[in-house]
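So the structure is just underneath, and the comments pick up after that.
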Amino acid sequence: MKKLIKNGTIVTESQVFQGDILIEGEKIKEIGEGLDAGDAEVLDASGKYVFPGAVDVHTHMDLQAGKHRAVDDFYDGTVAAACGGTTTIVDHMAFGPEGCSLWHQVNEYHRLADGKAVIDYGFHGVIQHVDDRVLKEMNEIAGKEGITSFKVYMTYDFMLRDGELYRVLCQAKEDGLVIAVHCENDGVINYLRKKYVEEGRTQPKYHPLSRPARCEAEAVDRMLHLAAMAGDAPLYIVHLSSREGLLEVMKAKTSGQRNFAVETCTQYLTLTDEMYQDDKEGLKAVMSPPLRKKEDQEALWQALSDGVLDVVATDHCPFNYRIEKQAGAHDFTVCPNGAPGVEERLRVMYSEGVVKKRITLSQLVKYLCTEPCRMYGLYPRKGTLLPGSDADLVIFDPDKERVLTQRDMHSAVDYTCYEGMAVKGDIDLVMQRGKVIVKDNEFLGTRGDGRYLKRAKSVLAK
Ligand code: URP
Ligand code: ZN
Ligand code: ZN
C-alpha cells in the first residue's frame, strides 16, 4: 500500500521545489529528493505540479432553499468536487424549521451526507434564531461533532438582528468558535426588490441593482464592529464580492482588529455583472451577492496578491437552468439564488490567477488549500503536503489546455457559468488518502468513501 510520486514540482503555501512524495497507506510518509521506491507503486510527475488536495469551505450540497432544492446531493456534488481537484468540503447547512434546535440540521445533514460523499467532509452549523438553548448548543455541538464554526445571515428569512448577532459573537468568543457571516443590508435590499417588482422591472439585470455593493460594505462594516465589540470575536466573512466591501475589511485591519478572515469566490474574480445584460445568461448568475464590475474584480485580485483576503471558495449552490432557474424567468426575485462552481475552481483559478500572473503558485495553494484548513480546524491534516498529513493531492499538468464545458463536468446541474472559457493547465490525477479517485477527468472513487471530519478549533479562535 505504498505509492511514490517521483520528480514532481511540489507546491505548498510557502515553497515550490522539485521532489518526491512517499505515501504509506492514507498518509504522506516522507517528502524529499531521490526517495527510494522499494516496493512502492511509482507515479511519474515529471513536468507536473503536485498540489495539496483543494479544500472548499463554502458549498451547499442538497440545499433546500424555499421551494427549490439544490440539484447536487452529497454524491453528485462531491464527485464534481473531486473531478475539480477538491478533496475536502465543509458544507453550509440549510435553514431548518422555525425555532428548531441547532441539532436538527446537524442530524439532517448527517442523514444527507453520510454514506454518500466521496470525499472527506465537514459541516458548518447554522444559527437562525437566538435564545439561551441555541447559545448553549453551540459548544455542545463543537465538542460532540467537531463543528467549530456556525453561520449567520444578515439577510434572508432567518436573518439575525444586530443584538442577536452580538450575543452569538460573545458566545463564540467565550467558546472559541468561528462565526461565518453572509453580509448584506437586508432593509435596503428588500426595499429595492419590492420597488423593482412594482415598477415591472423584473429581468435578471435588476438583480444586481437590487443588491448594490454598498449593501455588502455596510453589512461588512457593521459585522466587523459587532465582532470588535465582542472582544475581537472570531469572525469569517463569506463570499466578499465588492471593492466597497474590501475597503471596510482594510479599514478594520488598519484599526488593529484581530481574529477575522475574509473569503471571496471564483465567480467574483472572473465573471462580471455584464452577464445580467442577457436574460438567459443573467438567470444563470442570479446569486447573492451578485456579480460585480471589472473594478471590483481587479480590487479582489490585488487583495489576493497583497494577502489581504484569506480564502477563495465557491459557494457552490446549483439549480438547473432549464428547471429551477426558470422560476425567475419573469421575476428575478423568485429565482433560486446560487450557481455551480465546485468543479471549476482549481482550473479557473490556476489559469486566470497563476497563468495571468495575478497570484503566485504558492498563493494558489494558500487560498484554495491551506488557509481554508487553518480557518476551520483542519490543518495540518488537510490543506498541505507534510509528512503525517493525509495523502490528498492533485497532480496538475501546466501544459495541458481545456475549454470548460458542462458536457465534461460531473455535477448534476445543466450549465456552467464558465461555458467556453479556455483554461491553461489541467488536472491529471486526484488522490484522496492515498487512493486515486480521479484520473483524466474520470471519477474512479466509491460512493460513501468520504469521511466525516470532526474539526479542531480555528486559528482565529486561538
Ligand atoms: O446565492 C447564493 N449565494 N446562494 C447560496 C446561499 C448563500 O447566500 O450563500
Ligand atoms: Zn451567502
Ligand atoms: Zn453560500
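Chain labels A, B, ... are given in the sequence in which chains occur in the C-alpha cells; within each chain residues are numbered consecutively from 1, and ligands are likewise numbered from 1 in the order shown.
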*Within 12 Å of Phe17 of chain A, counting only C-alpha atoms, which residues qualify if same-chain residues fewer than 4 places away don't, as a list in words?*
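Here the answer would be Asn7, Gly8, Thr9, Ile10, Val11, Thr12, Glu13, Ile21, Ile31, Gly32, Glu33, Gly47, Lys48, Tyr49, Val50, Phe51, Leu361, Ser362 and Leu385 of chain A.
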Selection from above, N, CA and C atoms, as a PDB file, in the first residue's frame, can you write it?
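See result.pdb below for the written result:
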```pdb
ATOM      1  N   ASN A   7       9.603  13.009  -8.930  1.00  0.00           N
ATOM      2  CA  ASN A   7      10.049  14.115  -9.794  1.00  0.00           C
ATOM      3  C   ASN A   7       9.008  15.200 -10.076  1.00  0.00           C
ATOM      4  N   GLY A   8       8.076  15.382  -9.157  1.00  0.00           N
ATOM      5  CA  GLY A   8       7.091  16.437  -9.350  1.00  0.00           C
ATOM      6  C   GLY A   8       7.635  17.781  -8.887  1.00  0.00           C
ATOM      7  N   THR A   9       6.965  18.846  -9.291  1.00  0.00           N
ATOM      8  CA  THR A   9       7.241  20.162  -8.698  1.00  0.00           C
ATOM      9  C   THR A   9       6.201  20.330  -7.589  1.00  0.00           C
ATOM     10  N   ILE A  10       6.686  20.203  -6.375  1.00  0.00           N
ATOM     11  CA  ILE A  10       5.779  20.204  -5.221  1.00  0.00           C
ATOM     12  C   ILE A  10       5.478  21.651  -4.834  1.00  0.00           C
ATOM     13  N   VAL A  11       4.197  21.943  -4.705  1.00  0.00           N
ATOM     14  CA  VAL A  11       3.803  23.325  -4.380  1.00  0.00           C
ATOM     15  C   VAL A  11       3.088  23.327  -3.032  1.00  0.00           C
ATOM     16  N   THR A  12       3.637  24.077  -2.097  1.00  0.00           N
ATOM     17  CA  THR A  12       2.935  24.301  -0.832  1.00  0.00           C
ATOM     18  C   THR A  12       2.671  25.792  -0.696  1.00  0.00           C
ATOM     19  N   GLU A  13       2.052  26.167   0.410  1.00  0.00           N
ATOM     20  CA  GLU A  13       1.729  27.573   0.634  1.00  0.00           C
ATOM     21  C   GLU A  13       2.983  28.440   0.780  1.00  0.00           C
ATOM     22  N   ILE A  21       7.314  12.309  -3.273  1.00  0.00           N
ATOM     23  CA  ILE A  21       6.435  12.157  -2.100  1.00  0.00           C
ATOM     24  C   ILE A  21       6.155  10.664  -1.906  1.00  0.00           C
ATOM     25  N   ILE A  31       8.812  13.352   2.356  1.00  0.00           N
ATOM     26  CA  ILE A  31       8.964  14.211   1.175  1.00  0.00           C
ATOM     27  C   ILE A  31      10.441  14.522   1.041  1.00  0.00           C
ATOM     28  N   GLY A  32      10.990  14.355  -0.153  1.00  0.00           N
ATOM     29  CA  GLY A  32      12.415  14.646  -0.310  1.00  0.00           C
ATOM     30  C   GLY A  32      12.851  14.403  -1.730  1.00  0.00           C
ATOM     31  N   GLU A  33      14.172  14.470  -1.906  1.00  0.00           N
ATOM     32  CA  GLU A  33      14.725  14.240  -3.245  1.00  0.00           C
ATOM     33  C   GLU A  33      15.263  12.829  -3.331  1.00  0.00           C
ATOM     34  N   GLY A  47       7.566  17.201 -14.896  1.00  0.00           N
ATOM     35  CA  GLY A  47       6.923  18.285 -15.656  1.00  0.00           C
ATOM     36  C   GLY A  47       5.557  18.690 -15.112  1.00  0.00           C
ATOM     37  N   LYS A  48       5.166  18.095 -13.983  1.00  0.00           N
ATOM     38  CA  LYS A  48       3.833  18.391 -13.419  1.00  0.00           C
ATOM     39  C   LYS A  48       3.981  19.043 -12.040  1.00  0.00           C
ATOM     40  N   TYR A  49       2.936  19.754 -11.661  1.00  0.00           N
ATOM     41  CA  TYR A  49       2.859  20.266 -10.298  1.00  0.00           C
ATOM     42  C   TYR A  49       2.165  19.244  -9.401  1.00  0.00           C
ATOM     43  N   VAL A  50       2.583  19.204  -8.151  1.00  0.00           N
ATOM     44  CA  VAL A  50       1.843  18.416  -7.157  1.00  0.00           C
ATOM     45  C   VAL A  50       1.315  19.403  -6.118  1.00  0.00           C
ATOM     46  N   PHE A  51      -0.005  19.570  -6.106  1.00  0.00           N
ATOM     47  CA  PHE A  51      -0.671  20.466  -5.142  1.00  0.00           C
ATOM     48  C   PHE A  51      -1.301  19.634  -4.034  1.00  0.00           C
ATOM     49  N   LEU A 361       2.019  30.635  -7.578  1.00  0.00           N
ATOM     50  CA  LEU A 361       1.645  29.227  -7.337  1.00  0.00           C
ATOM     51  C   LEU A 361       1.381  28.983  -5.857  1.00  0.00           C
ATOM     52  N   SER A 362       2.265  29.505  -5.013  1.00  0.00           N
ATOM     53  CA  SER A 362       2.087  29.276  -3.572  1.00  0.00           C
ATOM     54  C   SER A 362       0.829  29.983  -3.059  1.00  0.00           C
ATOM     55  N   LEU A 385       1.095  19.694   2.177  1.00  0.00           N
ATOM     56  CA  LEU A 385       1.840  18.464   1.896  1.00  0.00           C
ATOM     57  C   LEU A 385       2.951  18.385   2.929  1.00  0.00           C
TER      58      LEU A 385
END
```
_as a list in words, please: the residues near segment 299-309 of chain A (cut-off 6 Å, only C-alpha atoms, same-chain neighbours under 4 positions excluded)._
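The residues that qualify are Arg243, Val262 and Ile359 of chain A.
Put simply, atom CA of Gly377 of chain A is 25.7 Å away from atom CA of Asp132 of chain A.
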*Out of A:Val152, A:Met61, A:Ile119, A:Leu235, which residue has the shortest atom-to-atom distance to Gly85 of chain A when counting only C-alpha atoms?*
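The answer is A:Ile119, which sits nearest to Gly85 of chain A.
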_Close residues to ligand 1 using only C-alpha atoms and all ligand atoms, limit 8 Å, as a PyMOL selection string_ = chain A and resi 58+60+92+182+238-239+286-290+315-317+336-339
Taking only residues of segment 349-372 of chain A that have an atom at most 8 Å from an atom of segment 424-432 of chain A, what is each one's shortest atom pair and its distance in Å to one decimal, using only C-alpha atoms, in chain and number order, as CSV?
```
residue,atom,partner,partner_atom,distance
A:Tyr350,CA,A:Gly425,CA,7.2
A:Ser351,CA,A:Lys424,CA,5.2
A:Val355,CA,A:Lys424,CA,7.4
```
Keeping only C-alpha atoms, write the selected residues as a PDB file, in the first residue's frame.
```
ATOM      1  CA  TYR A 350      -4.825  28.435 -11.932  1.00  0.00           C
ATOM      2  CA  SER A 351      -5.499  29.763 -15.406  1.00  0.00           C
ATOM      3  CA  VAL A 355      -1.026  31.942 -15.636  1.00  0.00           C
TER       4      VAL A 355
END
```
_Straight-line distance linking atom CA of Glu24 of chain A with atom CA of Arg381 of chain A, stated in Å to one decimal_ = 14.7 Å
*Might you pull out every residue within 7 Å of Thr405 of chain A, with only C-alpha atoms counted and same-chain residues fewer than 3 positions away left off, and present them as a PyMOL selection string?*
chain A and resi 408-409+416+419-420
*Could you pull the residues within 10 Å of Gly25 of chain A, counting only C-alpha atoms, minus those fewer than 5 positions along the same chain, as JSON, numbers by chain?*
{"A": [1, 2, 3, 390, 391, 433, 434, 435]}
Just write the chosen residues, all heavy atoms, as an mmCIF file, in the first residue's frame.
```cif
data_model
loop_
_atom_site.group_PDB
_atom_site.id
_atom_site.type_symbol
_atom_site.label_atom_id
_atom_site.label_comp_id
_atom_site.auth_asym_id
_atom_site.auth_seq_id
_atom_site.Cartn_x
_atom_site.Cartn_y
_atom_site.Cartn_z
ATOM 1 N N MET A 1 0.830 -1.228 0.000
ATOM 2 C CA MET A 1 0.000 0.000 0.000
ATOM 3 C C MET A 1 0.857 1.269 0.000
ATOM 4 O O MET A 1 0.505 2.263 0.586
ATOM 5 C CB MET A 1 -0.922 -0.008 1.218
ATOM 6 C CG MET A 1 -2.180 -0.816 1.015
ATOM 7 S SD MET A 1 -3.333 0.048 -0.058
ATOM 8 C CE MET A 1 -4.052 1.240 1.074
ATOM 9 N N LYS A 2 2.060 1.164 -0.665
ATOM 10 C CA LYS A 2 2.899 2.369 -0.742
ATOM 11 C C LYS A 2 2.829 2.937 -2.148
ATOM 12 O O LYS A 2 2.752 2.187 -3.117
ATOM 13 C CB LYS A 2 4.354 2.000 -0.450
ATOM 14 C CG LYS A 2 4.670 1.788 1.006
ATOM 15 C CD LYS A 2 6.172 1.671 1.150
ATOM 16 C CE LYS A 2 6.536 1.074 2.485
ATOM 17 N NZ LYS A 2 7.919 0.626 2.536
ATOM 18 N N LYS A 3 2.878 4.264 -2.216
ATOM 19 C CA LYS A 3 2.953 4.926 -3.522
ATOM 20 C C LYS A 3 4.074 5.951 -3.468
ATOM 21 O O LYS A 3 4.265 6.598 -2.420
ATOM 22 C CB LYS A 3 1.638 5.629 -3.860
ATOM 23 C CG LYS A 3 0.496 4.675 -4.185
ATOM 24 C CD LYS A 3 -0.691 5.438 -4.769
ATOM 25 C CE LYS A 3 -1.781 4.499 -5.219
ATOM 26 N NZ LYS A 3 -2.540 3.886 -4.135
ATOM 27 N N ASP A 390 -2.775 13.850 5.608
ATOM 28 C CA ASP A 390 -3.488 12.921 4.731
ATOM 29 C C ASP A 390 -2.917 13.047 3.319
ATOM 30 O O ASP A 390 -2.634 14.166 2.861
ATOM 31 C CB ASP A 390 -4.984 13.258 4.702
ATOM 32 C CG ASP A 390 -5.711 12.754 5.942
ATOM 33 O OD1 ASP A 390 -5.062 12.083 6.794
ATOM 34 O OD2 ASP A 390 -6.909 13.021 6.066
ATOM 35 N N ALA A 391 -2.791 11.906 2.649
ATOM 36 C CA ALA A 391 -2.245 11.930 1.274
ATOM 37 C C ALA A 391 -3.354 12.317 0.296
ATOM 38 O O ALA A 391 -3.826 11.519 -0.514
ATOM 39 C CB ALA A 391 -1.644 10.575 0.933
ATOM 40 N N ARG A 433 -6.476 10.423 0.486
ATOM 41 C CA ARG A 433 -5.938 9.481 1.477
ATOM 42 C C ARG A 433 -5.264 8.295 0.790
ATOM 43 O O ARG A 433 -5.541 7.144 1.078
ATOM 44 C CB ARG A 433 -7.044 9.045 2.435
ATOM 45 C CG ARG A 433 -7.397 10.126 3.455
ATOM 46 C CD ARG A 433 -8.400 9.693 4.492
ATOM 47 N NE ARG A 433 -9.754 9.856 4.054
ATOM 48 C CZ ARG A 433 -10.545 8.879 3.613
ATOM 49 N NH1 ARG A 433 -10.124 7.642 3.583
ATOM 50 N NH2 ARG A 433 -11.773 9.138 3.229
ATOM 51 N N GLY A 434 -4.397 8.600 -0.176
ATOM 52 C CA GLY A 434 -3.563 7.575 -0.812
ATOM 53 C C GLY A 434 -4.232 6.817 -1.937
ATOM 54 O O GLY A 434 -3.593 6.001 -2.600
ATOM 55 N N LYS A 435 -5.513 7.085 -2.187
ATOM 56 C CA LYS A 435 -6.228 6.346 -3.231
ATOM 57 C C LYS A 435 -6.510 7.274 -4.415
ATOM 58 O O LYS A 435 -6.986 8.404 -4.207
ATOM 59 C CB LYS A 435 -7.538 5.851 -2.611
ATOM 60 C CG LYS A 435 -8.320 4.914 -3.486
ATOM 61 C CD LYS A 435 -9.522 4.359 -2.722
ATOM 62 C CE LYS A 435 -10.539 3.861 -3.730
ATOM 63 N NZ LYS A 435 -11.858 3.666 -3.158
#
```
Just list as a short mmCIF file (atom, residue, chain, number, x, y, z; two decimals) with N, CA and C atoms, in the first residue's frame whatever in segment 130-341 of chain A DSSP marks as alpha helix (DSSP H).
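The result, written out as part39.cif:
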```
data_model
loop_
_atom_site.label_atom_id
_atom_site.label_comp_id
_atom_site.auth_asym_id
_atom_site.auth_seq_id
_atom_site.Cartn_x
_atom_site.Cartn_y
_atom_site.Cartn_z
N ASP A 132 -31.31 31.11 24.81
CA ASP A 132 -30.31 30.50 25.68
C ASP A 132 -29.95 29.09 25.24
N ARG A 133 -30.98 28.36 24.76
CA ARG A 133 -30.71 26.98 24.36
C ARG A 133 -29.75 26.93 23.18
N VAL A 134 -30.01 27.77 22.17
CA VAL A 134 -29.15 27.80 20.98
C VAL A 134 -27.70 28.15 21.37
N LEU A 135 -27.56 29.14 22.24
CA LEU A 135 -26.21 29.56 22.63
C LEU A 135 -25.48 28.43 23.35
N LYS A 136 -26.20 27.65 24.13
CA LYS A 136 -25.60 26.52 24.85
C LYS A 136 -25.25 25.39 23.87
N GLU A 137 -26.10 25.21 22.88
CA GLU A 137 -25.89 24.11 21.93
C GLU A 137 -24.63 24.30 21.07
N MET A 138 -24.23 25.56 20.87
CA MET A 138 -23.03 25.80 20.04
C MET A 138 -21.84 25.01 20.58
N ASN A 139 -21.58 25.16 21.86
CA ASN A 139 -20.42 24.50 22.45
C ASN A 139 -20.60 22.99 22.52
N GLU A 140 -21.84 22.59 22.77
CA GLU A 140 -22.16 21.15 22.84
C GLU A 140 -21.86 20.49 21.49
N ILE A 141 -22.28 21.15 20.42
CA ILE A 141 -22.09 20.61 19.06
C ILE A 141 -20.61 20.64 18.68
N ALA A 142 -19.92 21.69 19.11
CA ALA A 142 -18.48 21.75 18.84
C ALA A 142 -17.79 20.56 19.50
N GLY A 143 -18.14 20.29 20.74
CA GLY A 143 -17.50 19.20 21.48
C GLY A 143 -17.84 17.83 20.92
N LYS A 144 -19.12 17.61 20.66
CA LYS A 144 -19.53 16.25 20.25
C LYS A 144 -19.32 15.99 18.76
N GLU A 145 -19.46 17.02 17.95
CA GLU A 145 -19.46 16.83 16.49
C GLU A 145 -18.25 17.42 15.79
N ASP A 162 -29.12 42.84 14.92
CA ASP A 162 -27.82 43.21 15.48
C ASP A 162 -27.60 42.69 16.90
N GLY A 163 -28.63 42.81 17.73
CA GLY A 163 -28.49 42.35 19.12
C GLY A 163 -28.24 40.84 19.17
N GLU A 164 -28.92 40.13 18.28
CA GLU A 164 -28.73 38.67 18.23
C GLU A 164 -27.33 38.31 17.71
N LEU A 165 -26.92 39.04 16.70
CA LEU A 165 -25.57 38.81 16.16
C LEU A 165 -24.53 39.03 17.26
N TYR A 166 -24.74 40.08 18.01
CA TYR A 166 -23.79 40.42 19.08
C TYR A 166 -23.74 39.31 20.14
N ARG A 167 -24.91 38.81 20.52
CA ARG A 167 -24.95 37.72 21.51
C ARG A 167 -24.22 36.49 21.00
N VAL A 168 -24.44 36.17 19.73
CA VAL A 168 -23.78 34.99 19.13
C VAL A 168 -22.26 35.19 19.13
N LEU A 169 -21.84 36.40 18.77
CA LEU A 169 -20.39 36.68 18.73
C LEU A 169 -19.77 36.58 20.12
N CYS A 170 -20.48 37.09 21.13
CA CYS A 170 -19.95 37.00 22.51
C CYS A 170 -19.81 35.53 22.92
N GLN A 171 -20.80 34.72 22.55
CA GLN A 171 -20.75 33.30 22.88
C GLN A 171 -19.58 32.62 22.14
N ALA A 172 -19.42 32.98 20.88
CA ALA A 172 -18.34 32.39 20.07
C ALA A 172 -16.99 32.74 20.66
N LYS A 173 -16.87 33.96 21.12
CA LYS A 173 -15.61 34.39 21.74
C LYS A 173 -15.33 33.54 22.99
N GLU A 174 -16.37 33.36 23.79
CA GLU A 174 -16.21 32.58 25.03
C GLU A 174 -15.85 31.12 24.73
N ASP A 175 -16.49 30.54 23.72
CA ASP A 175 -16.31 29.12 23.43
C ASP A 175 -15.17 28.82 22.46
N ASP A 186 -30.17 43.98 4.72
CA ASP A 186 -31.47 43.41 4.36
C ASP A 186 -32.52 44.49 4.05
N GLY A 187 -32.53 45.56 4.83
CA GLY A 187 -33.58 46.56 4.68
C GLY A 187 -33.56 47.20 3.30
N VAL A 188 -32.38 47.60 2.86
CA VAL A 188 -32.26 48.27 1.56
C VAL A 188 -32.60 47.28 0.44
N ILE A 189 -32.09 46.08 0.56
CA ILE A 189 -32.34 45.07 -0.49
C ILE A 189 -33.84 44.80 -0.64
N ASN A 190 -34.52 44.63 0.48
CA ASN A 190 -35.95 44.33 0.39
C ASN A 190 -36.73 45.48 -0.19
N TYR A 191 -36.33 46.69 0.18
CA TYR A 191 -36.99 47.88 -0.38
C TYR A 191 -36.79 47.90 -1.91
N LEU A 192 -35.56 47.69 -2.35
CA LEU A 192 -35.27 47.77 -3.79
C LEU A 192 -35.95 46.65 -4.57
N ARG A 193 -35.95 45.47 -4.01
CA ARG A 193 -36.60 44.34 -4.70
C ARG A 193 -38.09 44.64 -4.92
N LYS A 194 -38.72 45.14 -3.86
CA LYS A 194 -40.15 45.43 -3.93
C LYS A 194 -40.41 46.53 -4.97
N LYS A 195 -39.56 47.55 -4.91
CA LYS A 195 -39.71 48.68 -5.84
C LYS A 195 -39.58 48.21 -7.29
N TYR A 196 -38.55 47.40 -7.58
CA TYR A 196 -38.37 46.93 -8.96
C TYR A 196 -39.56 46.09 -9.41
N VAL A 197 -40.08 45.27 -8.53
CA VAL A 197 -41.24 44.44 -8.91
C VAL A 197 -42.44 45.34 -9.19
N GLU A 198 -42.67 46.31 -8.32
CA GLU A 198 -43.81 47.23 -8.52
C GLU A 198 -43.68 48.00 -9.84
N TYR A 206 -31.99 43.40 -13.10
CA TYR A 206 -32.32 44.18 -11.90
C TYR A 206 -31.85 43.49 -10.62
N HIS A 207 -31.46 42.22 -10.74
CA HIS A 207 -30.95 41.52 -9.55
C HIS A 207 -29.73 42.24 -8.94
N PRO A 208 -28.67 42.53 -9.73
CA PRO A 208 -27.53 43.24 -9.11
C PRO A 208 -27.90 44.64 -8.64
N LEU A 209 -28.84 45.29 -9.36
CA LEU A 209 -29.21 46.65 -8.95
C LEU A 209 -29.96 46.63 -7.62
N ALA A 213 -23.35 47.12 -4.11
CA ALA A 213 -22.13 46.82 -3.37
C ALA A 213 -22.12 47.48 -1.99
N ARG A 214 -22.73 48.65 -1.90
CA ARG A 214 -22.73 49.34 -0.59
C ARG A 214 -23.56 48.58 0.44
N CYS A 215 -24.51 47.78 -0.02
CA CYS A 215 -25.26 46.94 0.92
C CYS A 215 -24.32 45.93 1.56
N GLU A 216 -23.41 45.41 0.73
CA GLU A 216 -22.42 44.49 1.29
C GLU A 216 -21.47 45.25 2.22
N ALA A 217 -20.98 46.39 1.75
CA ALA A 217 -19.99 47.14 2.52
C ALA A 217 -20.55 47.55 3.89
N GLU A 218 -21.78 48.03 3.90
CA GLU A 218 -22.39 48.47 5.17
C GLU A 218 -22.47 47.29 6.15
N ALA A 219 -22.89 46.13 5.62
CA ALA A 219 -23.06 44.96 6.50
C ALA A 219 -21.71 44.42 6.97
N VAL A 220 -20.72 44.45 6.08
CA VAL A 220 -19.36 44.01 6.47
C VAL A 220 -18.86 44.90 7.61
N ASP A 221 -19.01 46.20 7.42
CA ASP A 221 -18.54 47.16 8.41
C ASP A 221 -19.26 46.95 9.75
N ARG A 222 -20.59 46.77 9.66
CA ARG A 222 -21.38 46.58 10.91
C ARG A 222 -20.94 45.31 11.62
N MET A 223 -20.79 44.26 10.85
CA MET A 223 -20.42 42.97 11.46
C MET A 223 -19.04 43.05 12.09
N LEU A 224 -18.13 43.73 11.42
CA LEU A 224 -16.78 43.87 11.98
C LEU A 224 -16.83 44.66 13.29
N HIS A 225 -17.65 45.68 13.33
CA HIS A 225 -17.79 46.45 14.58
C HIS A 225 -18.40 45.58 15.68
N LEU A 226 -19.41 44.79 15.32
CA LEU A 226 -20.03 43.93 16.34
C LEU A 226 -19.01 42.94 16.89
N ALA A 227 -18.19 42.37 15.98
CA ALA A 227 -17.16 41.42 16.42
C ALA A 227 -16.13 42.12 17.31
N ALA A 228 -15.79 43.34 16.94
CA ALA A 228 -14.82 44.10 17.76
C ALA A 228 -15.41 44.35 19.15
N MET A 229 -16.70 44.73 19.19
CA MET A 229 -17.36 44.99 20.49
C MET A 229 -17.44 43.72 21.33
N ARG A 243 -15.41 45.89 -4.17
CA ARG A 243 -14.33 46.79 -3.76
C ARG A 243 -14.75 47.56 -2.50
N GLU A 244 -16.03 47.98 -2.47
CA GLU A 244 -16.51 48.72 -1.30
C GLU A 244 -16.43 47.87 -0.03
N GLY A 245 -16.81 46.60 -0.16
CA GLY A 245 -16.72 45.69 0.99
C GLY A 245 -15.27 45.51 1.42
N LEU A 246 -14.41 45.39 0.43
CA LEU A 246 -12.98 45.21 0.71
C LEU A 246 -12.41 46.42 1.47
N LEU A 247 -12.86 47.61 1.11
CA LEU A 247 -12.35 48.81 1.80
C LEU A 247 -12.69 48.76 3.29
N GLU A 248 -13.86 48.21 3.62
CA GLU A 248 -14.23 48.08 5.05
C GLU A 248 -13.33 47.07 5.74
N VAL A 249 -13.00 46.01 5.02
CA VAL A 249 -12.09 44.99 5.58
C VAL A 249 -10.73 45.62 5.87
N MET A 250 -10.26 46.42 4.90
CA MET A 250 -8.94 47.04 5.06
C MET A 250 -8.94 48.03 6.22
N LYS A 251 -10.07 48.71 6.36
CA LYS A 251 -10.19 49.67 7.47
C LYS A 251 -10.08 48.94 8.81
N ALA A 252 -10.75 47.81 8.92
CA ALA A 252 -10.70 47.04 10.18
C ALA A 252 -9.30 46.51 10.43
N LYS A 253 -8.63 46.08 9.37
CA LYS A 253 -7.25 45.59 9.53
C LYS A 253 -6.36 46.71 10.02
N THR A 254 -6.50 47.88 9.39
CA THR A 254 -5.67 49.02 9.77
C THR A 254 -5.93 49.43 11.22
N THR A 266 -14.52 32.25 -6.64
CA THR A 266 -14.04 32.26 -8.04
C THR A 266 -14.85 33.21 -8.91
N GLN A 267 -16.17 33.17 -8.75
CA GLN A 267 -17.03 33.93 -9.67
C GLN A 267 -16.83 35.44 -9.52
N TYR A 268 -16.52 35.90 -8.31
CA TYR A 268 -16.35 37.35 -8.13
C TYR A 268 -15.00 37.82 -8.70
N LEU A 269 -14.10 36.86 -8.94
CA LEU A 269 -12.80 37.18 -9.51
C LEU A 269 -12.78 37.08 -11.03
N THR A 270 -13.75 36.36 -11.58
CA THR A 270 -13.63 36.03 -13.00
C THR A 270 -14.86 36.33 -13.86
N ASP A 279 -30.77 38.05 -20.74
CA ASP A 279 -31.72 37.46 -19.79
C ASP A 279 -31.39 36.02 -19.46
N LYS A 280 -30.96 35.26 -20.50
CA LYS A 280 -30.68 33.84 -20.28
C LYS A 280 -29.43 33.66 -19.41
N GLU A 281 -28.35 34.30 -19.83
CA GLU A 281 -27.10 34.20 -19.07
C GLU A 281 -27.29 34.77 -17.67
N GLY A 282 -28.07 35.85 -17.62
CA GLY A 282 -28.29 36.52 -16.33
C GLY A 282 -28.97 35.62 -15.32
N LEU A 283 -29.93 34.85 -15.80
CA LEU A 283 -30.65 33.94 -14.90
C LEU A 283 -29.68 32.94 -14.26
N LYS A 284 -28.73 32.48 -15.08
CA LYS A 284 -27.74 31.51 -14.58
C LYS A 284 -26.91 32.11 -13.45
N LYS A 294 -15.82 45.05 -13.34
CA LYS A 294 -14.39 44.82 -13.59
C LYS A 294 -13.54 45.44 -12.47
N GLU A 295 -13.90 46.64 -12.01
CA GLU A 295 -13.10 47.32 -10.97
C GLU A 295 -13.11 46.52 -9.66
N ASP A 296 -14.25 45.88 -9.38
CA ASP A 296 -14.32 45.06 -8.17
C ASP A 296 -13.39 43.86 -8.30
N GLN A 297 -13.46 43.23 -9.47
CA GLN A 297 -12.58 42.08 -9.74
C GLN A 297 -11.14 42.46 -9.52
N GLU A 298 -10.76 43.58 -10.12
CA GLU A 298 -9.35 44.00 -10.03
C GLU A 298 -8.95 44.23 -8.58
N ALA A 299 -9.84 44.84 -7.82
CA ALA A 299 -9.54 45.09 -6.40
C ALA A 299 -9.38 43.77 -5.64
N LEU A 300 -10.22 42.79 -5.96
CA LEU A 300 -10.14 41.50 -5.26
C LEU A 300 -8.86 40.75 -5.63
N TRP A 301 -8.49 40.77 -6.91
CA TRP A 301 -7.22 40.13 -7.30
C TRP A 301 -6.05 40.80 -6.59
N GLN A 302 -6.09 42.12 -6.56
CA GLN A 302 -4.99 42.84 -5.88
C GLN A 302 -4.92 42.45 -4.41
N ALA A 303 -6.10 42.31 -3.80
CA ALA A 303 -6.14 41.93 -2.38
C ALA A 303 -5.58 40.52 -2.17
N LEU A 304 -5.82 39.63 -3.13
CA LEU A 304 -5.23 38.29 -3.02
C LEU A 304 -3.72 38.38 -3.17
N SER A 305 -3.30 39.16 -4.13
CA SER A 305 -1.86 39.32 -4.36
C SER A 305 -1.18 39.91 -3.11
N ASP A 306 -1.87 40.84 -2.45
CA ASP A 306 -1.30 41.52 -1.27
C ASP A 306 -1.52 40.75 0.03
#
```
_Calculated over only C-alpha atoms, which of the candidates A:Asp232, A:Val130, A:Phe123, A:Gly84 has the smallest distance to Cys100 of chain A?_
A:Val130
*Could you give me, as a PyMOL selection string, the residues within 12 Å of Cys335 of chain A, counting only C-alpha atoms and dropping anything in the same chain fewer than 3 positions from it?*
chain A and resi 65-69+202-204+207+282-288+319-321+323-332+338-339
*Using only C-alpha atoms and all ligand atoms, which of the listed residues (A:Ala230, A:Ile237, A:Ala54, A:Ala45) sits closest to ligand 2?*
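Closest to ligand 2 of all the choices is A:Ile237.
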*asked:* What's around Thr155 of chain A at 8 Å? Count only C-alpha atoms, leave out sequence neighbours fewer than 3 positions away in its own chain, and write the answer as a list in words.
replied: Phe158, Met159, Leu160, His182, Cys183, Glu184, Asn185 and Asp186 of chain A
*Using only C-alpha atoms, which of the listed residues (A:Arg451, A:Arg292, A:Arg111, A:Arg345) sits closest to Thr314 of chain A?*
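Once distances to Thr314 of chain A are computed over only C-alpha atoms, the minimum belongs to A:Arg345.
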*Skipping near chain neighbours, those fewer than 5 positions away, what residues fall within 9 Å of Leu22 of chain A using only C-alpha atoms, listed as a list in words?*
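So the residues in contact are Lys2, Lys3, Leu4, Ile5, Lys6, Lys27, Ile28, Lys29, Glu30, Ile31, Gly32, Leu35, Asp36, Ala37, Ala40 and Pro387 of chain A.
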